[in-house]
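**Student:** Provided herewith: target31.txt, compact mmCIF, N, CA and C atoms.
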```
# COMPACT_ATOMS: atom_id res chain seq x y z
N MET A 261 0.81 -1.19 0.00
CA MET A 261 0.00 0.00 0.00
C MET A 261 0.87 1.27 0.00
N LEU A 262 1.93 1.30 0.79
CA LEU A 262 2.81 2.46 0.81
C LEU A 262 3.46 2.67 -0.55
N LEU A 263 3.85 1.59 -1.21
CA LEU A 263 4.47 1.72 -2.52
C LEU A 263 3.54 2.40 -3.51
N GLU A 264 2.30 1.99 -3.52
CA GLU A 264 1.33 2.60 -4.44
C GLU A 264 1.13 4.07 -4.10
N THR A 265 1.08 4.39 -2.83
CA THR A 265 0.94 5.78 -2.40
C THR A 265 2.14 6.59 -2.87
N LEU A 266 3.34 6.06 -2.68
CA LEU A 266 4.55 6.77 -3.10
C LEU A 266 4.59 6.95 -4.61
N LYS A 267 4.19 5.95 -5.37
CA LYS A 267 4.15 6.09 -6.83
C LYS A 267 3.22 7.23 -7.23
N ILE A 268 2.07 7.28 -6.60
CA ILE A 268 1.09 8.34 -6.90
C ILE A 268 1.67 9.71 -6.55
N LEU A 269 2.29 9.81 -5.37
CA LEU A 269 2.84 11.10 -4.94
C LEU A 269 4.01 11.56 -5.81
N PHE A 270 4.91 10.65 -6.13
CA PHE A 270 6.04 11.02 -6.98
C PHE A 270 5.55 11.46 -8.36
N GLU A 271 4.62 10.70 -8.92
CA GLU A 271 4.12 11.06 -10.25
C GLU A 271 3.38 12.40 -10.21
N ARG A 272 2.55 12.59 -9.19
CA ARG A 272 1.82 13.86 -9.05
C ARG A 272 2.79 15.03 -8.97
N ASP A 273 3.79 14.92 -8.10
CA ASP A 273 4.69 16.04 -7.89
C ASP A 273 5.65 16.25 -9.06
N LEU A 274 6.05 15.19 -9.74
CA LEU A 274 6.88 15.37 -10.93
C LEU A 274 6.08 16.00 -12.07
N LYS A 275 4.81 15.66 -12.18
CA LYS A 275 3.96 16.32 -13.18
C LYS A 275 3.77 17.79 -12.82
N LYS A 276 3.67 18.09 -11.54
CA LYS A 276 3.57 19.48 -11.09
C LYS A 276 4.88 20.21 -11.37
N LEU A 277 6.01 19.54 -11.19
CA LEU A 277 7.31 20.13 -11.54
C LEU A 277 7.32 20.48 -13.02
N LYS A 278 6.85 19.57 -13.84
CA LYS A 278 6.80 19.82 -15.28
C LYS A 278 5.93 21.05 -15.58
N LEU A 279 4.79 21.13 -14.94
CA LEU A 279 3.90 22.27 -15.14
C LEU A 279 4.57 23.57 -14.72
N GLU A 280 5.23 23.56 -13.58
CA GLU A 280 5.92 24.76 -13.10
C GLU A 280 6.97 25.22 -14.12
N ILE A 281 7.74 24.29 -14.65
CA ILE A 281 8.77 24.65 -15.63
C ILE A 281 8.11 25.19 -16.90
N GLU A 282 7.02 24.57 -17.33
CA GLU A 282 6.30 25.04 -18.52
C GLU A 282 5.77 26.45 -18.34
N LEU A 283 5.40 26.83 -17.10
CA LEU A 283 4.78 28.13 -16.85
C LEU A 283 5.75 29.31 -16.91
N TYR A 284 7.04 29.06 -16.94
CA TYR A 284 7.99 30.16 -17.08
C TYR A 284 7.76 30.82 -18.44
N GLN A 285 7.58 32.13 -18.43
CA GLN A 285 7.26 32.88 -19.65
C GLN A 285 8.43 32.93 -20.62
N ASN A 286 9.62 32.86 -20.09
CA ASN A 286 10.82 32.99 -20.90
C ASN A 286 11.85 32.00 -20.33
N GLU A 287 12.51 31.25 -21.19
CA GLU A 287 13.47 30.25 -20.73
C GLU A 287 14.58 30.84 -19.87
N ASP A 288 14.98 32.05 -20.17
CA ASP A 288 16.04 32.69 -19.39
C ASP A 288 15.65 32.85 -17.93
N GLN A 289 14.35 33.00 -17.65
CA GLN A 289 13.87 33.18 -16.28
C GLN A 289 14.16 31.96 -15.41
N LEU A 290 14.28 30.81 -16.04
CA LEU A 290 14.57 29.58 -15.29
C LEU A 290 15.92 29.66 -14.57
N TRP A 291 16.80 30.53 -15.04
CA TRP A 291 18.18 30.56 -14.56
C TRP A 291 18.50 31.83 -13.78
N VAL A 292 17.47 32.61 -13.46
CA VAL A 292 17.66 33.87 -12.75
C VAL A 292 17.75 33.62 -11.25
N THR A 293 18.70 34.28 -10.61
CA THR A 293 18.76 34.30 -9.15
C THR A 293 18.74 35.76 -8.73
N LYS A 294 17.83 36.10 -7.81
CA LYS A 294 17.67 37.47 -7.34
C LYS A 294 17.14 37.47 -5.91
N ASN A 295 17.24 38.60 -5.28
CA ASN A 295 16.59 38.84 -3.99
C ASN A 295 16.85 37.75 -2.96
N GLY A 296 18.09 37.35 -2.83
CA GLY A 296 18.43 36.36 -1.83
C GLY A 296 18.10 34.93 -2.21
N ILE A 297 17.62 34.71 -3.43
CA ILE A 297 17.35 33.34 -3.89
C ILE A 297 18.61 32.83 -4.57
N SER A 298 19.25 31.87 -3.95
CA SER A 298 20.56 31.43 -4.45
C SER A 298 20.48 30.33 -5.50
N ASN A 299 19.35 29.62 -5.57
CA ASN A 299 19.21 28.54 -6.54
C ASN A 299 18.13 28.88 -7.55
N ALA A 300 18.49 28.91 -8.82
CA ALA A 300 17.52 29.14 -9.88
C ALA A 300 16.63 27.91 -10.04
N ALA A 301 15.46 28.13 -10.59
CA ALA A 301 14.51 27.04 -10.79
C ALA A 301 15.08 25.94 -11.68
N GLY A 302 15.82 26.34 -12.71
CA GLY A 302 16.42 25.34 -13.59
C GLY A 302 17.39 24.43 -12.84
N ASN A 303 18.17 25.03 -11.93
CA ASN A 303 19.10 24.22 -11.14
C ASN A 303 18.37 23.33 -10.15
N LEU A 304 17.31 23.84 -9.54
CA LEU A 304 16.53 23.00 -8.63
C LEU A 304 15.88 21.84 -9.39
N CYS A 305 15.43 22.10 -10.61
CA CYS A 305 14.86 21.04 -11.44
C CYS A 305 15.92 19.98 -11.73
N LEU A 306 17.11 20.41 -12.15
CA LEU A 306 18.20 19.46 -12.40
C LEU A 306 18.55 18.68 -11.14
N HIS A 307 18.53 19.35 -10.00
CA HIS A 307 18.83 18.71 -8.72
C HIS A 307 17.80 17.62 -8.41
N LEU A 308 16.53 17.91 -8.61
CA LEU A 308 15.49 16.91 -8.34
C LEU A 308 15.61 15.72 -9.29
N ILE A 309 15.88 15.99 -10.54
CA ILE A 309 16.06 14.92 -11.52
C ILE A 309 17.24 14.04 -11.12
N GLY A 310 18.36 14.67 -10.77
CA GLY A 310 19.54 13.91 -10.36
C GLY A 310 19.30 13.12 -9.09
N ASN A 311 18.65 13.75 -8.12
CA ASN A 311 18.36 13.11 -6.84
C ASN A 311 17.53 11.84 -7.03
N LEU A 312 16.44 11.95 -7.76
CA LEU A 312 15.53 10.81 -7.93
C LEU A 312 16.14 9.72 -8.81
N ASN A 313 16.87 10.13 -9.85
CA ASN A 313 17.51 9.13 -10.70
C ASN A 313 18.62 8.40 -9.97
N CYS A 314 19.27 9.07 -9.05
CA CYS A 314 20.32 8.44 -8.26
C CYS A 314 19.74 7.52 -7.20
N TYR A 315 18.91 8.08 -6.31
CA TYR A 315 18.49 7.36 -5.12
C TYR A 315 17.35 6.37 -5.36
N ILE A 316 16.54 6.60 -6.37
CA ILE A 316 15.50 5.63 -6.70
C ILE A 316 15.92 4.82 -7.92
N GLY A 317 16.31 5.51 -9.00
CA GLY A 317 16.68 4.81 -10.23
C GLY A 317 17.89 3.92 -10.07
N ALA A 318 19.01 4.50 -9.71
CA ALA A 318 20.26 3.72 -9.63
C ALA A 318 20.26 2.74 -8.47
N GLU A 319 19.87 3.20 -7.28
CA GLU A 319 19.96 2.34 -6.09
C GLU A 319 18.89 1.26 -6.03
N LEU A 320 17.66 1.62 -6.35
CA LEU A 320 16.58 0.63 -6.23
C LEU A 320 16.23 -0.01 -7.57
N GLY A 321 16.32 0.76 -8.65
CA GLY A 321 15.95 0.25 -9.97
C GLY A 321 17.12 -0.31 -10.76
N LYS A 322 18.33 -0.12 -10.24
CA LYS A 322 19.56 -0.62 -10.88
C LYS A 322 19.69 -0.11 -12.32
N THR A 323 19.49 1.20 -12.51
CA THR A 323 19.53 1.81 -13.84
C THR A 323 20.93 2.17 -14.31
N ASN A 324 21.90 2.11 -13.44
CA ASN A 324 23.29 2.50 -13.76
C ASN A 324 23.44 4.01 -13.97
N TYR A 325 22.49 4.78 -13.48
CA TYR A 325 22.59 6.24 -13.56
C TYR A 325 23.77 6.68 -12.72
N ILE A 326 24.57 7.61 -13.25
CA ILE A 326 25.69 8.17 -12.51
C ILE A 326 25.41 9.65 -12.32
N ARG A 327 25.38 10.05 -11.08
CA ARG A 327 25.02 11.42 -10.74
C ARG A 327 26.26 12.31 -10.68
N ASN A 328 26.09 13.53 -11.17
CA ASN A 328 27.11 14.56 -11.02
C ASN A 328 26.44 15.73 -10.32
N ARG A 329 26.36 15.66 -9.00
CA ARG A 329 25.62 16.65 -8.22
C ARG A 329 26.13 18.08 -8.41
N PRO A 330 27.44 18.33 -8.47
CA PRO A 330 27.89 19.72 -8.67
C PRO A 330 27.34 20.35 -9.95
N LEU A 331 27.19 19.56 -11.01
CA LEU A 331 26.65 20.10 -12.25
C LEU A 331 25.18 20.51 -12.11
N GLU A 332 24.46 19.86 -11.20
CA GLU A 332 23.05 20.21 -10.99
C GLU A 332 22.91 21.67 -10.59
N PHE A 333 23.92 22.20 -9.93
CA PHE A 333 23.86 23.57 -9.44
C PHE A 333 24.73 24.54 -10.25
N SER A 334 25.54 24.03 -11.17
CA SER A 334 26.41 24.92 -11.94
C SER A 334 26.01 25.07 -13.40
N LEU A 335 25.27 24.10 -13.92
CA LEU A 335 24.82 24.22 -15.32
C LEU A 335 23.81 25.35 -15.43
N HIS A 336 23.79 25.98 -16.61
CA HIS A 336 22.83 27.06 -16.87
C HIS A 336 22.40 26.98 -18.32
N SER A 337 21.29 27.59 -18.60
CA SER A 337 20.79 27.74 -19.97
C SER A 337 20.48 26.42 -20.65
N ILE A 338 20.10 25.42 -19.89
CA ILE A 338 19.60 24.18 -20.48
C ILE A 338 18.23 24.53 -21.07
N PRO A 339 17.95 24.15 -22.32
CA PRO A 339 16.65 24.50 -22.90
C PRO A 339 15.49 23.91 -22.08
N LYS A 340 14.43 24.67 -22.01
CA LYS A 340 13.24 24.23 -21.28
C LYS A 340 12.77 22.87 -21.80
N SER A 341 12.81 22.68 -23.10
CA SER A 341 12.36 21.40 -23.69
C SER A 341 13.18 20.23 -23.16
N GLU A 342 14.46 20.44 -22.95
CA GLU A 342 15.32 19.38 -22.42
C GLU A 342 14.97 19.07 -20.96
N LEU A 343 14.71 20.11 -20.17
CA LEU A 343 14.28 19.89 -18.78
C LEU A 343 12.98 19.09 -18.74
N LEU A 344 12.04 19.45 -19.60
CA LEU A 344 10.75 18.76 -19.63
C LEU A 344 10.91 17.30 -20.02
N THR A 345 11.78 17.04 -20.98
CA THR A 345 12.06 15.65 -21.39
C THR A 345 12.68 14.87 -20.23
N LYS A 346 13.61 15.49 -19.52
CA LYS A 346 14.26 14.83 -18.39
C LYS A 346 13.25 14.54 -17.27
N ILE A 347 12.30 15.42 -17.08
CA ILE A 347 11.26 15.16 -16.07
C ILE A 347 10.42 13.96 -16.49
N ASP A 348 10.01 13.91 -17.76
CA ASP A 348 9.24 12.76 -18.25
C ASP A 348 10.01 11.46 -18.07
N GLU A 349 11.29 11.49 -18.38
CA GLU A 349 12.14 10.30 -18.21
C GLU A 349 12.23 9.91 -16.75
N THR A 350 12.30 10.88 -15.87
CA THR A 350 12.40 10.62 -14.43
C THR A 350 11.10 9.99 -13.92
N ILE A 351 9.97 10.44 -14.41
CA ILE A 351 8.68 9.83 -14.03
C ILE A 351 8.71 8.34 -14.36
N LEU A 352 9.18 7.99 -15.54
CA LEU A 352 9.26 6.58 -15.95
C LEU A 352 10.23 5.80 -15.06
N VAL A 353 11.39 6.37 -14.81
CA VAL A 353 12.40 5.70 -13.98
C VAL A 353 11.86 5.44 -12.58
N VAL A 354 11.24 6.43 -11.98
CA VAL A 354 10.70 6.28 -10.63
C VAL A 354 9.63 5.20 -10.60
N ASN A 355 8.70 5.24 -11.55
CA ASN A 355 7.64 4.22 -11.58
C ASN A 355 8.19 2.83 -11.80
N GLN A 356 9.10 2.69 -12.75
CA GLN A 356 9.68 1.38 -13.04
C GLN A 356 10.50 0.86 -11.86
N SER A 357 11.25 1.74 -11.24
CA SER A 357 12.09 1.33 -10.11
C SER A 357 11.25 0.93 -8.91
N LEU A 358 10.22 1.71 -8.60
CA LEU A 358 9.36 1.36 -7.46
C LEU A 358 8.57 0.09 -7.73
N SER A 359 8.33 -0.22 -8.99
CA SER A 359 7.62 -1.46 -9.34
C SER A 359 8.49 -2.70 -9.14
N LYS A 360 9.78 -2.50 -9.02
CA LYS A 360 10.71 -3.62 -8.84
C LYS A 360 10.83 -4.06 -7.39
N ILE A 361 10.35 -3.24 -6.46
CA ILE A 361 10.48 -3.62 -5.05
C ILE A 361 9.12 -3.99 -4.48
N THR A 362 9.17 -4.73 -3.39
CA THR A 362 7.94 -5.19 -2.74
C THR A 362 7.69 -4.40 -1.46
N GLU A 363 6.49 -4.51 -0.97
CA GLU A 363 6.15 -3.87 0.31
C GLU A 363 7.08 -4.37 1.42
N GLN A 364 7.42 -5.66 1.38
CA GLN A 364 8.30 -6.22 2.40
C GLN A 364 9.70 -5.61 2.32
N GLU A 365 10.16 -5.34 1.12
CA GLU A 365 11.50 -4.76 0.94
C GLU A 365 11.58 -3.32 1.47
N LEU A 366 10.43 -2.69 1.65
CA LEU A 366 10.42 -1.35 2.21
C LEU A 366 11.01 -1.32 3.62
N GLU A 367 10.94 -2.44 4.32
CA GLU A 367 11.48 -2.51 5.68
C GLU A 367 12.97 -2.82 5.72
N ASN A 368 13.56 -3.13 4.56
CA ASN A 368 15.00 -3.35 4.49
C ASN A 368 15.74 -2.03 4.71
N GLU A 369 17.01 -2.15 5.08
CA GLU A 369 17.85 -0.97 5.21
C GLU A 369 18.13 -0.41 3.82
N TYR A 370 18.02 0.91 3.67
CA TYR A 370 18.36 1.55 2.39
C TYR A 370 19.84 1.23 2.10
N PRO A 371 20.18 0.88 0.84
CA PRO A 371 21.52 0.34 0.55
C PRO A 371 22.71 1.25 0.82
N ILE A 372 22.52 2.56 0.84
CA ILE A 372 23.65 3.45 1.13
C ILE A 372 23.25 4.44 2.22
N LEU A 373 24.26 4.92 2.92
CA LEU A 373 24.02 5.92 3.96
C LEU A 373 24.00 7.29 3.31
N VAL A 374 22.85 7.96 3.39
CA VAL A 374 22.69 9.29 2.79
C VAL A 374 22.42 10.31 3.89
N LEU A 375 21.55 9.97 4.79
CA LEU A 375 21.20 10.86 5.89
C LEU A 375 22.18 10.63 7.04
N GLU A 376 21.94 11.24 8.16
CA GLU A 376 22.86 11.08 9.30
C GLU A 376 22.91 9.65 9.82
N ASN A 377 21.77 8.97 9.79
CA ASN A 377 21.69 7.61 10.30
C ASN A 377 21.13 6.68 9.24
N LYS A 378 21.37 5.40 9.42
CA LYS A 378 20.80 4.40 8.53
C LYS A 378 19.28 4.47 8.63
N THR A 379 18.62 4.22 7.50
CA THR A 379 17.16 4.24 7.47
C THR A 379 16.64 3.04 6.70
N THR A 380 15.36 2.82 6.82
CA THR A 380 14.72 1.80 5.99
C THR A 380 14.48 2.40 4.60
N VAL A 381 14.22 1.53 3.65
CA VAL A 381 13.87 1.98 2.31
C VAL A 381 12.61 2.85 2.38
N ALA A 382 11.63 2.43 3.17
CA ALA A 382 10.39 3.20 3.31
C ALA A 382 10.67 4.61 3.82
N HIS A 383 11.45 4.71 4.88
CA HIS A 383 11.77 6.02 5.44
C HIS A 383 12.46 6.90 4.41
N PHE A 384 13.40 6.33 3.69
CA PHE A 384 14.15 7.13 2.73
C PHE A 384 13.28 7.56 1.56
N LEU A 385 12.37 6.69 1.12
CA LEU A 385 11.47 7.07 0.03
C LEU A 385 10.53 8.19 0.46
N VAL A 386 10.06 8.15 1.69
CA VAL A 386 9.21 9.24 2.20
C VAL A 386 10.05 10.52 2.25
N HIS A 387 11.30 10.40 2.70
CA HIS A 387 12.20 11.56 2.71
C HIS A 387 12.35 12.14 1.30
N LEU A 388 12.55 11.29 0.30
CA LEU A 388 12.71 11.76 -1.07
C LEU A 388 11.44 12.46 -1.57
N SER A 389 10.30 11.95 -1.16
CA SER A 389 9.04 12.58 -1.56
C SER A 389 8.90 13.98 -0.95
N THR A 390 9.27 14.11 0.32
CA THR A 390 9.17 15.43 0.95
C THR A 390 10.24 16.37 0.41
N HIS A 391 11.39 15.85 0.07
CA HIS A 391 12.45 16.65 -0.55
C HIS A 391 11.96 17.21 -1.90
N LEU A 392 11.31 16.38 -2.67
CA LEU A 392 10.74 16.81 -3.95
C LEU A 392 9.71 17.92 -3.71
N ALA A 393 8.82 17.72 -2.76
CA ALA A 393 7.78 18.71 -2.48
C ALA A 393 8.39 20.03 -2.00
N TYR A 394 9.42 19.95 -1.18
CA TYR A 394 10.10 21.14 -0.66
C TYR A 394 10.65 21.99 -1.81
N HIS A 395 11.40 21.36 -2.70
CA HIS A 395 11.99 22.10 -3.81
C HIS A 395 10.94 22.52 -4.84
N LEU A 396 9.89 21.75 -4.99
CA LEU A 396 8.79 22.13 -5.86
C LEU A 396 8.18 23.45 -5.39
N GLY A 397 8.02 23.59 -4.08
CA GLY A 397 7.52 24.84 -3.52
C GLY A 397 8.47 26.00 -3.79
N GLN A 398 9.76 25.74 -3.69
CA GLN A 398 10.74 26.79 -3.98
C GLN A 398 10.65 27.24 -5.44
N ILE A 399 10.48 26.28 -6.34
CA ILE A 399 10.37 26.60 -7.76
C ILE A 399 9.11 27.43 -8.02
N ASN A 400 8.01 27.05 -7.39
CA ASN A 400 6.76 27.79 -7.54
C ASN A 400 6.95 29.23 -7.07
N TYR A 401 7.58 29.40 -5.93
CA TYR A 401 7.82 30.73 -5.38
C TYR A 401 8.74 31.53 -6.31
N HIS A 402 9.80 30.89 -6.79
CA HIS A 402 10.74 31.53 -7.70
C HIS A 402 10.01 32.03 -8.95
N ARG A 403 9.18 31.19 -9.54
CA ARG A 403 8.46 31.56 -10.75
C ARG A 403 7.54 32.76 -10.51
N ARG A 404 6.80 32.72 -9.43
CA ARG A 404 5.87 33.82 -9.14
C ARG A 404 6.63 35.10 -8.83
N LEU A 405 7.74 35.01 -8.15
CA LEU A 405 8.55 36.19 -7.84
C LEU A 405 9.11 36.80 -9.13
N ILE A 406 9.63 35.98 -9.99
CA ILE A 406 10.18 36.47 -11.25
C ILE A 406 9.08 37.08 -12.11
N ASP A 407 7.90 36.43 -12.16
CA ASP A 407 6.77 36.97 -12.91
C ASP A 407 6.35 38.34 -12.39
N LEU A 408 6.34 38.52 -11.08
CA LEU A 408 5.97 39.81 -10.49
C LEU A 408 6.94 40.90 -10.88
N GLU A 409 8.21 40.56 -10.90
CA GLU A 409 9.21 41.56 -11.24
C GLU A 409 9.11 42.00 -12.70
N LEU A 410 8.60 41.12 -13.55
CA LEU A 410 8.48 41.46 -14.98
C LEU A 410 7.23 42.25 -15.29
N ASN A 411 6.24 42.16 -14.42
CA ASN A 411 4.96 42.83 -14.71
C ASN A 411 4.82 44.13 -13.97
```
Would you encode the structure as structure tokens?

**Tutor:**
Amino acid sequence: MLLETLKILFERDLKKLKLEIELYQNEDQLWVTKNGISNAAGNLCLHLIGNLNCYIGAELGKTNYIRNRPLEFSLHSIPKSELLTKIDETILVVNQSLSKITEQELENEYPILVLENKTTVAHFLVHLSTHLAYHLGQINYHRRLIDLELN
């Protein structure tokens, strides 16, 4: 039951991420940092894509994804269409990877230490879901702030 809930939540929030990126009026706005906002929406999007492909895709789905976390925050001017494609690919990876594990495996220890202490797979997946929601909120705020400044 938790797996199905997580699949629904990840898909919902990744589709919302896609919508937020689509709503930027100008691609350049995705990469703007202003008013104490240190991470542009485009970088947060890349960060979420890297995070989920690494911790769900590579670790649980065995996709062989190799993450380059510093690039998530240093790349700029990636076309909006490429970000949207990467989000669609991430939705597939997350769904396929979560389909490979069972409810019983959720109680196993997550294969790598990411947080301060060891956690179960279930705990870490819930953490990843809240991490996605947290940054999704930041992207929404960033978009609305940038839109206000332009109007």

**Student:** Using only the atoms of segment 306-314 of chain A listed in the file, plus 4 Å on each side, state the axis-aligned box centre and edge lengths in Å rounded to one decimal, as JSON.

**Tutor:**
```
{"center_x": 17.9, "center_y": 14.0, "center_z": -9.6, "size_x": 12.8, "size_y": 20.9, "size_z": 13.6}
```

**Student:** Would you return as number ranges by chain the members of chain A that DSSP assigns to helix (DSSP H, G or I) on this structure's backbone?

**Tutor:** A: 262-282, 287-291, 301-321, 329-334, 340-359, 364-367, 381-410

**Student:** In Å, with one decimal, what is the gap from atom CA of Ile309 of chain A to atom CA of Gly397 of chain A?

**Tutor:**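 Distance reported for this atom pair: 15.3 Å.
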
**Student:** In Å, how far is it from atom CA of Glu280 of chain A to atom CA of Lys360 of chain A?

**Tutor:**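 Between atom CA of Glu280 of chain A and atom CA of Lys360 of chain A the gap works out to 29.1 Å.
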
**Student:** Got a sec: who's within 8 Å of segment 326-335 of chain A, counting only C-alpha atoms, leaving out chain neighbours fewer than 6 positions off, as an NGL selection string?

**Tutor:** :A and (299 or 303-304 or 306-307 or 310-311 or 313-314 or 318)
